[in-house]
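Source file coords14.cif; content: mmCIF, C-alpha atoms and all ligand atoms.
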```cif
data_structure
loop_
_atom_site.label_atom_id
_atom_site.label_comp_id
_atom_site.auth_asym_id
_atom_site.auth_seq_id
_atom_site.Cartn_x
_atom_site.Cartn_y
_atom_site.Cartn_z
CA MET A 1 38.89 78.30 -33.37
CA LYS A 2 36.91 76.90 -36.27
CA ASP A 3 39.52 74.22 -36.95
CA LYS A 4 39.58 73.30 -33.26
CA ILE A 5 35.79 72.89 -33.24
CA ILE A 6 35.92 70.68 -36.34
CA GLU A 7 38.73 68.59 -34.86
CA ALA A 8 36.89 68.17 -31.53
CA ALA A 9 33.67 67.21 -33.33
CA ASN A 10 35.47 64.66 -35.48
CA ALA A 11 36.97 63.10 -32.36
CA LEU A 12 33.40 62.65 -31.09
CA GLY A 13 32.40 60.83 -34.25
CA ILE A 14 30.71 63.86 -35.83
CA ASP A 15 31.96 64.19 -39.39
CA ARG A 16 29.49 66.73 -40.76
CA ILE A 17 29.77 70.14 -39.18
CA GLY A 18 28.86 73.59 -40.46
CA PHE A 19 28.80 77.20 -39.29
CA THR A 20 26.36 80.00 -39.94
CA LYS A 21 25.79 83.49 -38.54
CA MET A 22 22.89 84.02 -36.18
CA THR A 23 20.68 86.05 -38.49
CA LYS A 24 16.97 86.43 -39.04
CA LEU A 25 15.51 83.85 -41.42
CA ASP A 26 13.39 86.42 -43.23
CA GLU A 27 13.56 84.41 -46.47
CA LEU A 28 11.26 81.86 -44.79
CA SER A 29 8.60 84.36 -43.77
CA GLU A 30 6.42 83.76 -46.83
CA LEU A 31 6.68 79.95 -46.46
CA LEU A 32 5.79 80.01 -42.77
CA ASN A 33 2.82 82.33 -43.31
CA TYR A 34 1.58 80.21 -46.20
CA ARG A 35 1.76 77.06 -44.03
CA ILE A 36 -0.24 78.64 -41.21
CA LYS A 37 -2.82 80.08 -43.63
CA ASN A 38 -3.35 76.68 -45.27
CA ASP A 39 -3.33 74.74 -41.99
CA TYR A 40 -0.13 72.91 -42.97
CA SER A 41 1.63 73.60 -39.68
CA CYS A 42 1.07 71.56 -36.55
CA GLU A 43 1.04 71.68 -32.77
CA PHE A 44 4.64 70.46 -32.56
CA GLU A 45 5.86 73.77 -33.97
CA GLU A 46 6.01 77.26 -32.46
CA GLN A 47 3.03 79.07 -34.00
CA ASP A 48 4.37 82.59 -33.46
CA ILE A 49 6.23 83.14 -36.73
CA SER A 50 8.32 86.02 -35.37
CA LYS A 51 9.78 83.58 -32.81
CA ARG A 52 10.83 81.24 -35.64
CA LEU A 53 12.33 83.84 -37.93
CA ASP A 54 14.43 85.41 -35.22
CA VAL A 55 15.63 83.02 -32.53
CA SER A 56 18.26 85.33 -31.06
CA TYR A 57 16.26 85.32 -27.79
CA LEU A 58 17.37 81.69 -27.27
CA LEU A 59 20.85 82.92 -26.36
CA PRO A 60 21.59 86.58 -25.56
CA ASN A 61 24.30 88.00 -27.80
CA CYS A 62 24.39 84.85 -29.94
CA LYS A 63 26.77 85.32 -32.89
CA THR A 64 27.23 81.92 -34.52
CA ILE A 65 25.35 78.66 -34.94
CA ILE A 66 27.40 75.46 -35.15
CA THR A 67 25.37 72.82 -36.98
CA VAL A 68 25.85 69.07 -37.20
CA ILE A 69 24.11 66.15 -38.83
CA PHE A 70 24.23 62.64 -37.46
CA PRO A 71 23.52 59.56 -39.60
CA TYR A 72 21.33 56.57 -38.74
CA ALA A 73 19.45 53.68 -40.43
CA LYS A 74 22.53 52.07 -41.94
CA GLY A 75 21.47 48.75 -43.49
CA TYR A 76 17.85 49.17 -42.36
CA ARG A 77 15.38 46.78 -43.97
CA VAL A 78 11.64 47.34 -43.86
CA PRO A 79 10.27 44.44 -41.81
CA GLU A 80 8.48 41.76 -43.77
CA LYS A 81 4.71 41.90 -43.44
CA THR A 82 4.12 40.74 -39.88
CA ASP A 83 1.43 40.48 -37.26
CA MET A 84 3.05 43.27 -35.30
CA GLY A 85 3.10 47.06 -35.12
CA ASN A 86 5.97 49.05 -36.58
CA LEU A 87 8.09 51.93 -35.30
CA SER A 88 9.95 54.33 -37.54
CA VAL A 89 13.67 53.65 -37.80
CA SER A 90 14.25 57.10 -36.26
CA SER A 91 13.17 55.40 -33.04
CA TYR A 92 15.88 52.74 -33.16
CA GLY A 93 18.16 52.49 -30.14
CA MET A 94 18.65 55.24 -27.60
CA ASP A 95 16.57 58.40 -28.20
CA TYR A 96 18.51 60.49 -30.72
CA HIS A 97 17.62 63.69 -28.88
CA LYS A 98 19.61 62.45 -25.86
CA VAL A 99 22.46 60.95 -27.91
CA LEU A 100 23.03 64.03 -30.03
CA HIS A 101 22.49 66.41 -27.11
CA GLU A 102 25.13 64.55 -25.09
CA LYS A 103 27.60 64.60 -27.99
CA LEU A 104 27.11 68.35 -28.41
CA GLU A 105 27.47 68.88 -24.66
CA LEU A 106 30.81 66.99 -24.80
CA LEU A 107 31.87 69.16 -27.72
CA VAL A 108 31.10 72.30 -25.72
CA LEU A 109 33.00 70.99 -22.68
CA LYS A 110 36.07 70.30 -24.83
CA LEU A 111 35.97 73.78 -26.35
CA LYS A 112 35.46 75.45 -23.00
CA LYS A 113 38.92 74.21 -22.01
CA GLU A 114 40.26 76.63 -24.64
CA ILE A 115 37.90 79.60 -24.40
CA GLU A 116 34.95 80.74 -22.30
CA PHE A 117 31.59 81.27 -24.04
CA ASN A 118 27.86 80.89 -23.52
CA TYR A 119 25.85 78.37 -25.50
CA LYS A 120 22.49 76.75 -26.15
CA ILE A 121 22.09 73.28 -27.63
CA CYS A 122 19.10 72.68 -29.93
CA VAL A 123 18.05 69.21 -31.09
CA ASP A 124 14.45 69.27 -32.29
CA ASN A 125 13.39 70.99 -29.08
CA THR A 126 13.28 74.71 -29.81
CA PRO A 127 11.61 77.09 -32.30
CA LEU A 128 14.86 77.07 -34.33
CA ILE A 129 14.16 75.67 -37.81
CA ASP A 130 16.83 72.97 -37.70
CA ARG A 131 16.76 72.17 -41.44
CA ALA A 132 17.04 75.83 -42.41
CA VAL A 133 20.16 76.54 -40.34
CA CYS A 134 21.81 73.29 -41.45
CA THR A 135 21.28 74.04 -45.15
CA LYS A 136 22.40 77.64 -44.61
CA SER A 137 25.66 76.33 -43.20
CA GLY A 138 26.22 74.02 -46.15
CA LEU A 139 25.07 70.71 -44.68
CA GLY A 140 22.95 69.11 -47.36
CA TYR A 141 19.97 70.26 -49.38
CA ILE A 142 16.20 69.93 -49.01
CA GLY A 143 14.44 67.23 -51.02
CA LYS A 144 10.87 67.23 -52.30
CA ASN A 145 9.90 65.19 -49.23
CA ASN A 146 11.15 68.16 -47.12
CA MET A 147 14.02 66.07 -45.76
CA LEU A 148 17.53 67.44 -45.47
CA ILE A 149 19.67 65.17 -47.62
CA ASP A 150 23.41 64.55 -47.38
CA ASP A 151 25.22 63.19 -50.44
CA GLU A 152 26.63 60.23 -48.52
CA TYR A 153 24.16 59.56 -45.70
CA GLY A 154 21.01 60.45 -47.62
CA SER A 155 18.11 61.85 -45.57
CA PHE A 156 18.57 59.48 -42.63
CA VAL A 157 20.32 62.14 -40.58
CA PHE A 158 19.33 63.87 -37.35
CA LEU A 159 20.09 67.55 -37.01
CA GLY A 160 21.62 69.42 -34.10
CA SER A 161 22.86 72.95 -33.45
CA VAL A 162 24.86 74.82 -30.86
CA LEU A 163 24.19 78.54 -30.56
CA ILE A 164 27.28 80.36 -29.25
CA ASP A 165 28.17 83.96 -28.42
CA LEU A 166 31.53 83.78 -30.23
CA ASP A 167 32.26 85.17 -33.67
CA ILE A 168 33.49 82.40 -35.95
CA SER A 169 34.12 82.63 -39.68
CA VAL A 170 31.17 80.93 -41.35
CA ASP A 171 30.82 78.65 -44.32
CA GLU A 172 29.67 79.92 -47.66
CA PRO A 173 27.54 76.98 -48.78
CA ASP A 174 27.66 75.69 -52.32
CA ILE A 175 24.74 76.84 -54.36
CA ILE A 176 22.08 74.31 -53.44
CA THR A 177 20.90 72.73 -56.63
CA ASP A 178 17.71 70.79 -56.88
CA LYS A 179 19.13 67.30 -56.78
CA CYS A 180 15.68 65.68 -56.87
CA LYS A 181 15.33 66.91 -60.46
CA SER A 182 12.32 65.24 -62.08
CA CYS A 183 12.10 62.44 -59.47
CA ASN A 184 8.69 62.39 -57.80
CA ILE A 185 8.85 59.00 -56.09
CA CYS A 186 8.24 60.39 -52.59
CA ILE A 187 5.18 62.27 -53.82
CA SER A 188 3.68 59.20 -55.45
CA LYS A 189 4.58 56.76 -52.65
CA CYS A 190 3.33 58.86 -49.72
CA PRO A 191 0.43 56.76 -48.41
CA ASN A 192 -1.76 59.76 -47.60
CA SER A 193 -0.72 62.13 -50.43
CA ALA A 194 0.75 64.50 -47.85
CA ILE A 195 3.71 65.59 -50.00
CA LEU A 196 2.64 68.39 -52.28
CA GLU A 197 3.92 69.39 -55.71
CA ASN A 198 5.03 72.79 -54.37
CA ARG A 199 7.71 71.19 -52.11
CA MET A 200 5.56 71.50 -49.05
CA ILE A 201 3.98 68.93 -46.82
CA ASN A 202 0.43 69.01 -45.60
CA THR A 203 1.57 68.10 -42.13
CA LYS A 204 -1.96 67.25 -41.00
CA LYS A 205 -1.99 64.38 -43.53
CA CYS A 206 1.55 63.09 -42.88
CA VAL A 207 1.40 59.64 -41.26
CA SER A 208 4.23 60.61 -38.94
CA TYR A 209 2.07 63.47 -37.65
CA LEU A 210 -1.06 61.31 -37.40
CA SER A 211 0.82 58.73 -35.33
CA GLN A 212 1.83 61.42 -32.82
CA THR A 213 -1.06 63.84 -32.57
CA LYS A 214 -3.63 63.74 -29.79
CA GLU A 215 -6.15 65.42 -32.11
CA TYR A 216 -8.98 63.47 -33.75
CA ILE A 217 -7.76 61.45 -36.76
CA PRO A 218 -10.21 61.79 -39.68
CA ILE A 219 -11.63 58.45 -40.81
CA GLU A 220 -10.31 58.88 -44.35
CA TYR A 221 -6.70 59.24 -43.10
CA ARG A 222 -6.62 56.11 -40.92
CA LYS A 223 -6.00 53.55 -43.67
CA ALA A 224 -2.72 55.26 -44.62
CA MET A 225 -1.40 54.62 -41.12
CA GLY A 226 -1.08 50.90 -41.87
CA ASN A 227 0.53 49.21 -38.87
CA GLN A 228 2.59 52.26 -37.85
CA ILE A 229 2.71 52.76 -34.11
CA TYR A 230 5.16 55.64 -34.28
CA GLY A 231 6.42 57.76 -37.18
CA CYS A 232 6.65 56.89 -40.85
CA ASP A 233 9.61 56.24 -43.16
CA ILE A 234 7.92 55.69 -46.51
CA CYS A 235 9.08 58.92 -48.20
CA GLN A 236 12.63 58.14 -47.13
CA ILE A 237 12.74 54.41 -47.76
CA ASN A 238 11.63 54.96 -51.34
CA CYS A 239 13.99 57.88 -51.95
CA PRO A 240 16.80 56.92 -54.38
CA LYS A 241 19.16 59.14 -52.37
CA ASN A 242 18.89 56.61 -49.53
CA TYR A 243 19.65 53.55 -51.62
CA LYS A 244 23.31 53.56 -50.61
CA ILE A 245 22.80 53.86 -46.84
CA LEU A 246 19.95 51.33 -46.74
CA ASN A 247 22.02 48.78 -48.64
CA GLN A 248 25.15 49.07 -46.53
CA GLU A 249 26.37 46.11 -44.48
CA SER A 250 25.27 46.50 -40.88
CA LYS A 251 25.32 44.49 -37.67
CA GLU A 252 22.33 46.36 -36.22
CA ASP A 253 19.31 44.26 -35.32
CA TYR A 254 16.27 46.34 -36.17
CA SER A 255 13.75 43.79 -34.87
CA SER A 256 13.21 45.94 -31.75
CA LEU A 257 11.25 48.28 -34.03
CA LEU A 258 8.46 45.71 -34.19
CA VAL A 259 5.84 46.07 -31.47
CA ASP A 260 4.00 43.11 -29.99
CA LEU A 261 0.44 44.47 -30.04
CA GLY A 262 -0.93 41.84 -27.64
CA GLU A 263 1.66 42.91 -25.09
CA LEU A 264 1.00 46.61 -25.73
CA PHE A 265 -2.76 46.22 -25.16
CA LYS A 266 -2.08 44.65 -21.73
CA MET A 267 0.75 46.91 -20.59
CA SER A 268 0.53 49.21 -17.58
CA ASN A 269 2.03 52.68 -17.90
CA LYS A 270 4.91 51.54 -15.68
CA GLU A 271 5.67 48.53 -17.88
CA PHE A 272 5.48 50.72 -20.98
CA ASN A 273 7.96 53.20 -19.54
CA LEU A 274 10.31 50.46 -18.45
CA LYS A 275 10.42 49.00 -21.93
CA TYR A 276 10.17 52.05 -24.16
CA GLU A 277 11.02 55.25 -22.29
CA ASN A 278 14.53 55.54 -23.76
CA ILE A 279 13.50 55.52 -27.41
CA ALA A 280 12.49 58.58 -29.43
CA GLY A 281 9.09 57.21 -30.45
CA SER A 282 7.58 56.88 -26.98
CA TRP A 283 7.37 60.58 -26.11
CA ARG A 284 3.58 60.77 -26.53
CA GLY A 285 3.01 57.94 -24.05
CA LYS A 286 1.31 54.58 -24.02
CA ASN A 287 -2.24 55.64 -24.86
CA ILE A 288 -1.28 57.16 -28.21
CA TRP A 289 0.53 53.92 -29.11
CA LYS A 290 -2.54 51.96 -28.02
CA ARG A 291 -4.79 54.13 -30.19
CA ASN A 292 -2.46 53.52 -33.13
CA ALA A 293 -2.49 49.80 -32.33
CA ILE A 294 -6.30 49.76 -32.59
CA ILE A 295 -6.03 51.50 -35.97
CA ALA A 296 -3.30 49.02 -37.04
CA CYS A 297 -5.48 46.02 -36.14
CA ALA A 298 -8.27 47.37 -38.33
CA ASN A 299 -5.94 48.15 -41.22
CA MET A 300 -4.14 44.82 -41.08
CA GLY A 301 -7.20 42.66 -40.33
CA PHE A 302 -5.78 41.41 -37.00
CA ASN A 303 -9.01 39.67 -35.95
CA ASN A 304 -7.36 37.97 -32.99
CA PHE A 305 -7.57 41.31 -31.16
CA TYR A 306 -11.33 41.73 -31.80
CA ASP A 307 -12.39 41.03 -28.19
CA ILE A 308 -9.66 43.18 -26.66
CA ILE A 309 -10.77 46.08 -28.87
CA LYS A 310 -14.45 45.41 -28.11
CA ASP A 311 -13.75 45.80 -24.37
CA GLU A 312 -12.82 49.43 -25.03
CA LEU A 313 -16.47 50.19 -25.89
CA TYR A 314 -17.27 49.57 -22.22
CA GLY A 315 -14.21 51.40 -20.85
CA GLN A 316 -13.60 54.96 -19.68
CA SER A 317 -11.60 56.38 -22.55
CA GLN A 318 -13.42 58.49 -25.13
CA MET A 319 -10.40 58.27 -27.42
CA PHE A 320 -10.30 54.46 -27.43
CA LYS A 321 -14.08 54.24 -27.97
CA THR A 322 -13.82 56.47 -31.04
CA TYR A 323 -11.27 54.24 -32.77
CA ALA A 324 -12.48 50.92 -31.33
CA ALA A 325 -15.95 51.26 -32.87
CA TRP A 326 -14.42 52.07 -36.25
CA ALA A 327 -11.96 49.17 -35.98
CA LEU A 328 -14.62 46.63 -34.95
CA LEU A 329 -16.73 47.55 -37.98
CA LYS A 330 -13.66 47.12 -40.19
CA LEU A 331 -12.80 43.76 -38.66
CA ASP A 332 -16.32 42.30 -38.73
CA ILE A 333 -19.13 44.56 -39.83
CA GLU A 334 -21.99 42.11 -39.29
CA LYS A 335 -20.93 41.08 -35.80
CA SER A 336 -20.18 44.67 -34.74
CA LYS A 337 -23.17 46.67 -36.02
CA ASP A 338 -25.58 45.69 -33.24
CA ILE A 339 -22.96 45.85 -30.52
CA ILE A 340 -22.16 49.46 -31.41
CA TYR A 341 -25.80 50.42 -32.01
CA ASN A 342 -26.69 49.16 -28.53
CA ARG A 343 -24.04 51.37 -26.94
CA ILE A 344 -25.32 54.63 -28.42
CA LYS A 345 -27.77 55.32 -25.59
CA TYR A 346 -25.05 55.07 -22.94
CA GLU A 347 -22.64 57.48 -24.56
CA ASN A 348 -22.16 61.25 -24.52
CA GLU A 349 -23.03 63.38 -27.51
CA PHE A 350 -19.62 63.17 -29.18
CA ILE A 351 -19.32 59.39 -28.99
CA SER A 352 -22.94 58.68 -29.87
CA ASN A 353 -22.63 60.96 -32.90
CA GLU A 354 -19.43 59.18 -33.88
CA TYR A 355 -21.15 55.78 -33.61
CA LYS A 356 -24.12 57.05 -35.65
CA LYS A 357 -21.76 58.37 -38.30
CA LEU A 358 -19.97 55.00 -38.49
CA LEU A 359 -23.30 53.16 -38.70
CA GLU A 360 -24.54 55.71 -41.24
CA LEU A 361 -27.65 56.42 -39.16
C1 LIG B 401 7.15 69.78 -36.61
C2 LIG B 401 8.11 68.70 -37.04
C3 LIG B 401 7.58 67.60 -37.69
C4 LIG B 401 6.16 67.58 -38.22
C5 LIG B 401 6.11 68.43 -39.52
C6 LIG B 401 7.24 68.09 -40.52
C7 LIG B 401 7.49 69.14 -41.60
N1 LIG B 401 7.79 68.67 -42.80
O1 LIG B 401 7.46 70.34 -41.34
C8 LIG B 401 5.91 66.06 -38.39
C9 LIG B 401 5.32 65.48 -37.13
C10 LIG B 401 5.04 65.67 -39.59
C11 LIG B 401 7.35 65.56 -38.53
C12 LIG B 401 7.68 64.39 -39.16
C13 LIG B 401 8.97 63.94 -39.30
N2 LIG B 401 10.07 64.47 -38.74
CO1 LIG B 401 10.09 66.16 -37.81
N3 LIG B 401 10.32 67.85 -37.02
C14 LIG B 401 9.49 68.80 -36.80
C15 LIG B 401 10.23 70.01 -36.19
C16 LIG B 401 10.00 70.03 -34.67
C17 LIG B 401 9.83 71.37 -36.80
C18 LIG B 401 9.72 71.33 -38.34
C19 LIG B 401 9.28 72.64 -38.93
O2 LIG B 401 9.59 73.67 -38.40
N4 LIG B 401 8.57 72.61 -40.02
C20 LIG B 401 8.21 73.83 -40.69
C21 LIG B 401 8.97 74.02 -42.01
C22 LIG B 401 8.79 75.42 -42.54
O3 LIG B 401 10.32 73.84 -41.78
P1 LIG B 401 11.14 72.52 -42.21
O4 LIG B 401 10.33 71.54 -42.95
O5 LIG B 401 11.77 72.02 -40.95
O6 LIG B 401 12.27 73.10 -43.13
C23 LIG B 401 11.92 73.71 -44.35
C24 LIG B 401 12.48 75.05 -44.45
O7 LIG B 401 13.71 75.06 -43.76
C25 LIG B 401 12.67 75.17 -45.98
N5 LIG B 401 13.85 75.91 -46.39
C26 LIG B 401 15.11 75.81 -45.94
N6 LIG B 401 15.88 76.73 -46.53
C27 LIG B 401 15.08 77.40 -47.36
C28 LIG B 401 15.34 78.46 -48.18
C29 LIG B 401 14.30 78.97 -48.93
C30 LIG B 401 14.60 80.14 -49.79
C31 LIG B 401 13.01 78.41 -48.89
C32 LIG B 401 11.87 78.93 -49.69
C33 LIG B 401 12.75 77.33 -48.05
C34 LIG B 401 13.79 76.87 -47.29
O8 LIG B 401 12.78 73.87 -46.49
C35 LIG B 401 12.56 72.95 -45.49
C36 LIG B 401 11.69 71.84 -46.04
O9 LIG B 401 10.44 72.34 -46.44
C37 LIG B 401 11.72 69.69 -36.57
C38 LIG B 401 12.77 70.15 -35.54
C39 LIG B 401 13.00 71.63 -35.66
N7 LIG B 401 12.91 72.35 -34.57
O10 LIG B 401 13.26 72.12 -36.74
C40 LIG B 401 11.71 68.14 -36.74
C41 LIG B 401 12.52 67.53 -37.87
C42 LIG B 401 12.22 68.32 -39.13
N8 LIG B 401 11.94 66.20 -37.99
C43 LIG B 401 12.79 65.28 -38.29
C44 LIG B 401 12.45 63.92 -38.56
C45 LIG B 401 13.57 62.89 -38.50
C46 LIG B 401 11.13 63.59 -38.87
C47 LIG B 401 10.61 62.26 -39.46
C48 LIG B 401 11.55 61.55 -40.41
C49 LIG B 401 10.23 61.33 -38.26
C50 LIG B 401 9.57 60.03 -38.70
N9 LIG B 401 10.33 59.03 -39.14
O11 LIG B 401 8.37 59.87 -38.63
C51 LIG B 401 9.31 62.74 -40.16
C52 LIG B 401 9.58 63.21 -41.60
C53 LIG B 401 8.38 63.85 -42.26
C54 LIG B 401 8.80 64.74 -43.43
N10 LIG B 401 8.92 64.18 -44.64
O12 LIG B 401 9.04 65.93 -43.23
C55 LIG B 401 14.19 65.84 -38.44
C56 LIG B 401 14.50 65.97 -39.94
C57 LIG B 401 15.87 65.47 -40.35
C58 LIG B 401 16.12 65.67 -41.83
N11 LIG B 401 17.04 64.90 -42.36
O13 LIG B 401 15.53 66.51 -42.48
C59 LIG B 401 14.05 67.22 -37.68
C60 LIG B 401 14.92 68.33 -38.23
C61 LIG B 401 14.43 66.93 -36.21
C62 LIG B 401 15.93 66.84 -36.00
N12 LIG B 401 16.52 67.82 -35.31
O14 LIG B 401 16.59 65.93 -36.46
N13 LIG B 401 8.22 66.45 -38.01
#
```
Give the structure from this file in structure tokens form.
Amino acid sequence: MKDKIIEAANALGIDRIGFTKMTKLDELSELLNYRIKNDYSCEFEEQDISKRLDVSYLLPNCKTIITVIFPYAKGYRVPEKTDMGNLSVSSYGMDYHKVLHEKLELLVLKLKKEIEFNYKICVDNTPLIDRAVCTKSGLGYIGKNNMLIDDEYGSFVFLGSVLIDLDISVDEPDIITDKCKSCNICISKCPNSAILENRMINTKKCVSYLSQTKEYIPIEYRKAMGNQIYGCDICQINCPKNYKILNQESKEDYSSLLVDLGELFKMSNKEFNLKYENIAGSWRGKNIWKRNAIIACANMGFNNFYDIIKDELYGQSQMFKTYAAWALLKLDIEKSKDIIYNRIKYENEFISNEYKKLLEL
């Protein structure tokens, strides 16, 4: 059965496939507790640790987890400094959640012609710790930047799993050695010092997190966001393990990862969905992109958007006001001070306090 699964996966263009038993991940208990205690976990993760350590409830009688990794970013070049916003390369092309899910669904359909079984596909969408089950089944190792790294594809791989209620002989992974050795490039290049010496990430500081959260972004973290509209690739682009994949010949045109901010500021929700709904980076919706665009304008000194951002001070959105006032002061402190001061009396307590804080009143 195992050989048949591998053969079927290969036919679907999946060339990295592993197998592991459905067991509790008790070895991660300390790590997960430590993250919660230190506020290193985030709202995109299941907070009930017991549901992460034992995911057998996802599929009754689950015996085996089939794991796969799927490469991307071949030949990707960081765009030259531009007057646009930037999306992470993980958001290139069709949403990887859909692509990988469909591939795994096809794999299951093929196998079901041979034998009946129950299954559950997981691609980033369940409490399963994708990286943990992939490493357990021998697919790659974890780098200091927390990324799962494959010897050939580097860390630019998406992870997927299929839980099944069949018993399949599993892989005994090689002993995972620390292939990062003394390299600390990701730690030193991370724009917000989110990668810690103890191989953990302070998720709340990670630019990828900041670009997706709906929570308040602390003023001191905003600069690190640069012109990112979704995600961040810095710890991967600078990783020597990705040198090979990034320097491969490729016909892909990555220019769609650049976002026209003028267009974004004017877009209706409908127009946004039409243009971006099929990519991975749009899942938080237009307003989060627009917030990030305001931050990007301030960071990059895009003064041509000054008036558009100023209009937000008179709008309905508390979120836009928060970042607009900060951005206007960054873009032109003298011109903006009075404008913001004069708005204090019209605003609720949160916004007026925010304005006072920015004006150091
Ligand atoms: C929440 C989340 C985030 C958060 C937090 C990330 C983080 N580092 O935890 C934020 C929003 C910041 C984020 C960002 C990104 N994410 Co994300 N994210 C997730 C999600 C949903 C859960 C991650 C999680 O549980 N974290 C908690 C910690 C404990 O687990 P972990 O980091 O995943 O894995 C650790 C443990 O497994 C541990 N470990 C494994 N075995 C063992 C054994 C022992 C003994 C020990 C001690 C530890 C240990 O080492 C791992 C690294 O620390 C997963 C999907 C999923 N369901 O797993 C995707 C996932 C991790 N993300 C992914 C991607 C692509 C990204 C981004 C690259 C997107 C981008 N370009 O902006 C960045 C990368 C940031 C980074 N350097 O980690 C991929 C990672 C692929 C890969 N090659 O590793 C995943 C797996 C989605 C997928 N299915 O492809 N993400």
For stretch 273-275 of chain A, find every residue with an atom within 12 Å (counting only C-alpha atoms), except residues of its own chain fewer than 5 positions away, and show them as a list in words. Gly93, Met94, Ser256, Val259, Asp260, Glu263, Leu264, Met267, Ser268, Gly281, Ser282, Trp283, Arg284, Gly285, Lys286 and Asn287 of chain A
Within 6 Å of ligand LIG 401 (chain B), counting only C-alpha atoms and all ligand atoms, residues as an MDAnalysis selection string: chainID A and resid 27:28 32 44:45 88 90 123:132 142 145:149 155:160 200:201 203 206 208:209 231:233
Selected residues written out, C-alpha atoms, as a compact mmCIF listing (two decimals), in the frame of the given file:
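Produced file selection-v2.txt, reproduced below:
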```txt
# COMPACT_ATOMS: atom_id res chain seq x y z
CA GLU A 27 13.56 84.41 -46.47
CA LEU A 28 11.26 81.86 -44.79
CA LEU A 32 5.79 80.01 -42.77
CA PHE A 44 4.64 70.46 -32.56
CA GLU A 45 5.86 73.77 -33.97
CA SER A 88 9.95 54.33 -37.54
CA SER A 90 14.25 57.10 -36.26
CA VAL A 123 18.05 69.21 -31.09
CA ASP A 124 14.45 69.27 -32.29
CA ASN A 125 13.39 70.99 -29.08
CA THR A 126 13.28 74.71 -29.81
CA PRO A 127 11.61 77.09 -32.30
CA LEU A 128 14.86 77.07 -34.33
CA ILE A 129 14.16 75.67 -37.81
CA ASP A 130 16.83 72.97 -37.70
CA ARG A 131 16.76 72.17 -41.44
CA ALA A 132 17.04 75.83 -42.41
CA ILE A 142 16.20 69.93 -49.01
CA ASN A 145 9.90 65.19 -49.23
CA ASN A 146 11.15 68.16 -47.12
CA MET A 147 14.02 66.07 -45.76
CA LEU A 148 17.53 67.44 -45.47
CA ILE A 149 19.67 65.17 -47.62
CA SER A 155 18.11 61.85 -45.57
CA PHE A 156 18.57 59.48 -42.63
CA VAL A 157 20.32 62.14 -40.58
CA PHE A 158 19.33 63.87 -37.35
CA LEU A 159 20.09 67.55 -37.01
CA GLY A 160 21.62 69.42 -34.10
CA MET A 200 5.56 71.50 -49.05
CA ILE A 201 3.98 68.93 -46.82
CA THR A 203 1.57 68.10 -42.13
CA CYS A 206 1.55 63.09 -42.88
CA SER A 208 4.23 60.61 -38.94
CA TYR A 209 2.07 63.47 -37.65
CA GLY A 231 6.42 57.76 -37.18
CA CYS A 232 6.65 56.89 -40.85
CA ASP A 233 9.61 56.24 -43.16
```
How far is it from atom CA of A:Thr67 to atom CA of A:Ile17, in Å with one decimal?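 Separation of atom CA of A:Thr67 and atom CA of A:Ile17: 5.6 Å.
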So that I can check the surroundings of A:Gln248, please list as a PyMOL selection string every protein, DNA and RNA residue that reaches within 10 Å of it, counting only C-alpha atoms and ignoring chain neighbours fewer than 5 positions away. chain A and resi 73-76+243
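What separates atom CA of A:Ser188 from atom CA of A:Lys144 is a distance of 11.2 Å.
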Atomic distance atom CA of A:Ala296 - atom CA of A:Cys190, expressed in Å with one decimal: 17.4 Å
Around the point (-2.7, 41.3, -26.2) (coordinates from the file), which residues reach within 12 Å if we count all atoms listed in the file? Answer as a list in words.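 Residues with an atom at most 12 Å from (-2.7, 41.3, -26.2): Asp83, Met84, Val259, Asp260, Leu261, Gly262, Glu263, Leu264, Phe265, Lys266, Met267, Lys290, Ala293, Ile294, Cys297, Phe302, Asn303, Asn304, Phe305, Tyr306, Asp307, Ile308 and Ile309 of chain A.
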Find, counting only C-alpha atoms, the residue in A:Lys112, A:Lys98, A:Lys345, A:Lys330 that gets nearest to A:Glu277.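 Comparing A:Lys112, A:Lys98, A:Lys345, A:Lys330 against A:Glu277, the winner is A:Lys98.
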Report as an NGL selection string all protein, DNA and RNA residues lying within 7 Å of A:Ile5, evaluated on all atoms listed in the file, omitting residues in the same chain fewer than 4 positions from it. :A and (1 or 9 or 111)
Shell of 12 Å around A:Leu106, all atoms listed in the file, local chain residues under 6 positions omitted, as a list in words: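 These residues fall inside the cut-off: Ile5, Ala8, Ala9, Asn10, Ala11, Leu12, Gly13, Ile14, Val99, Leu100, Lys112, Lys113, Ile121 and Val162 of chain A.
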Can you write out the residues you just picked, keeping C-alpha atoms, as a tab-separated table (two decimals), keeping the file's coordinate frame?
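Ended up saving to part-v6.tsv:
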```
chain	number	residue	atom	x	y	z
A	5	ILE	CA	35.79	72.89	-33.24
A	8	ALA	CA	36.89	68.17	-31.53
A	9	ALA	CA	33.67	67.21	-33.33
A	10	ASN	CA	35.47	64.66	-35.48
A	11	ALA	CA	36.97	63.10	-32.36
A	12	LEU	CA	33.40	62.65	-31.09
A	13	GLY	CA	32.40	60.83	-34.25
A	14	ILE	CA	30.71	63.86	-35.83
A	99	VAL	CA	22.46	60.95	-27.91
A	100	LEU	CA	23.03	64.03	-30.03
A	112	LYS	CA	35.46	75.45	-23.00
A	113	LYS	CA	38.92	74.21	-22.01
A	121	ILE	CA	22.09	73.28	-27.63
A	162	VAL	CA	24.86	74.82	-30.86
```
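For the set A:Gly226, A:Leu163, A:Ser193, A:Ser91, the residue with the smallest atom-to-atom gap to A:Met300 is A:Gly226, counting all atoms listed in the file.
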